[in-house]
Structure formats: C-alpha cells, structure tokens
Amino acid sequence: MAQSKTSLLQGTLDLLILRALALGPDHGLGVSRRVAQITRGAFDVKPGSLFPALHRLEEQGWLRSEWGESENRRRAKFYELTRTGRTQLEAETAEWQRVAAAITGL
C-alpha cells in the first residue's frame, strides 16, 4: 500500500517553516527537506507553496534573508528567523497545541 502524504491544513505552513528555521538558517529547498524530516515525511512542501510563504513571512518581519552559496555551489537565498519570528513561532506552537488537543478530544 502506498504511503499517502498529508495535505497542509490552512495556517500550518507558517508553523512548519518557522519550526524548520528554528534549527538554523537554510535556503528554500533546505527548508522543504527539514519540514519533511521534522514531520517524518508526512508533509511534502512544494516550491509553489513554499517560496510565496517564505516571501510573505519575510515581509511580515518573521524572517530575514541573504544571498549565499548552497551546498552544491549554486547561488541561493538563505532564510533565518528574526526575534519577532521566534516570538511568532512560540505563539503559533501554543495555538497549534490548543487546536490539536481540541481535535484529539473529538
């Protein structure tokens, strides 16, 4: 039987990105890999969702970025959490735990 991937719930992508970047700065595709690792493969974030979300989070002041060189020597934009981003991660984690507890109670 083939393993199914979980669809991203509305609002979950921000939390996943923030959590992945809490481990340290990374480029976009690295963030996608971290999300897959953190969720043990349950979430596969596609570039069409990931990159607009990264840009949106940067506009909100939760991330900052700078250009650098990836592990395969390609130019890549690296993202990292700001202080505001860490605060947002804490708030989103608390909200997710509240929602998860409510769903579990069903």
# chains A, B, ... in the order shown; residues from 1 in each chain; ligands from 1
call {"tool": "residues_around", "arguments": {"residues": "Ala36 in chain A", "least_positions_apart": "6", "cutoff": "10 Å", "atoms": "only C-alpha atoms", "output": "PyMOL selection string"}}
result
chain A and resi 16+20+30+42-45
call {"tool": "write_last_selection", "arguments": {"atoms": "C-alpha atoms", "output": "short mmCIF file (atom, residue, chain, number, x, y, z; two decimals), in the first residue's frame"}}
result
data_model
loop_
_atom_site.label_atom_id
_atom_site.label_comp_id
_atom_site.auth_asym_id
_atom_site.auth_seq_id
_atom_site.Cartn_x
_atom_site.Cartn_y
_atom_site.Cartn_z
CA LEU A 16 6.26 24.32 9.72
CA ALA A 20 12.31 24.32 10.38
CA GLY A 30 16.67 23.01 2.57
CA ALA A 42 4.11 13.42 6.49
CA PHE A 43 4.36 16.86 4.83
CA ASP A 44 5.93 17.47 1.44
CA VAL A 45 6.03 21.23 0.86
#
call {"tool": "select_by_dssp", "arguments": {"residues": "chain A", "states": "strand (DSSP E or B)", "output": "count of residues only"}}
result
16
call {"tool": "select_by_dssp", "arguments": {"residues": "chain A", "states": "alpha helix (DSSP H)", "output": "JSON, numbers by chain"}}
result
{"A": [12, 13, 14, 15, 16, 17, 18, 19, 20, 21, 28, 29, 30, 31, 32, 33, 34, 35, 36, 37, 38, 47, 48, 49, 50, 51, 52, 53, 54, 55, 56, 57, 58, 59, 83, 84, 85, 86, 87, 88, 89, 90, 91, 92, 93, 94, 95, 96, 97, 98, 99, 100, 101, 102, 103, 104]}
call {"tool": "closest_residue", "arguments": {"among": "A:Gly28, A:Thr104, A:Trp67, A:Ser49", "to": "Gly11 in chain A", "atoms": "only C-alpha atoms"}}
result
A:Ser49
call {"tool": "atom_distance", "arguments": {"atom1": "CA of Glu69 in chain A", "atom2": "CA of Arg34 in chain A"}}
result
18.0 Å
call {"tool": "closest_residue", "arguments": {"among": "A:Gly48, A:Arg19, A:Leu89, A:Asp26", "to": "Glu71 in chain A", "atoms": "only C-alpha atoms"}}
result
A:Asp26
call {"tool": "residues_around", "arguments": {"residues": "Gly61 in chain A", "least_positions_apart": "4", "cutoff": "12 Å", "atoms": "only C-alpha atoms", "output": "list in words"}}
result
Leu18, Leu54, His55, Arg56, Leu57, Ser65, Tyr79, Glu80, Leu81, Thr82, Arg83, Thr84, Gly85, Arg86, Thr87 and Gln88 of chain A
call {"tool": "atom_distance", "arguments": {"atom1": "CA of Leu50 in chain A", "atom2": "CA of Gln37 in chain A"}}
result
15.5 Å
call {"tool": "residues_around", "arguments": {"residues": "Ser70 in chain A", "least_positions_apart": "3", "cutoff": "10 Å", "atoms": "only C-alpha atoms", "output": "list in words"}}
result
Asp26, His27, Leu29, Gly30, Trp67, Arg73, Arg74, Arg75, Ala76, Lys77 and Phe78 of chain A
call {"tool": "closest_residue", "arguments": {"among": "A:Val99, A:Leu15, A:Ala94, A:Val31", "to": "Pro47 in chain A", "atoms": "only C-alpha atoms"}}
result
A:Val31
call {"tool": "closest_residue", "arguments": {"among": "A:Trp96, A:Arg33, A:Ala53, A:Lys46", "to": "Asp14 in chain A", "atoms": "only C-alpha atoms"}}
result
A:Ala53
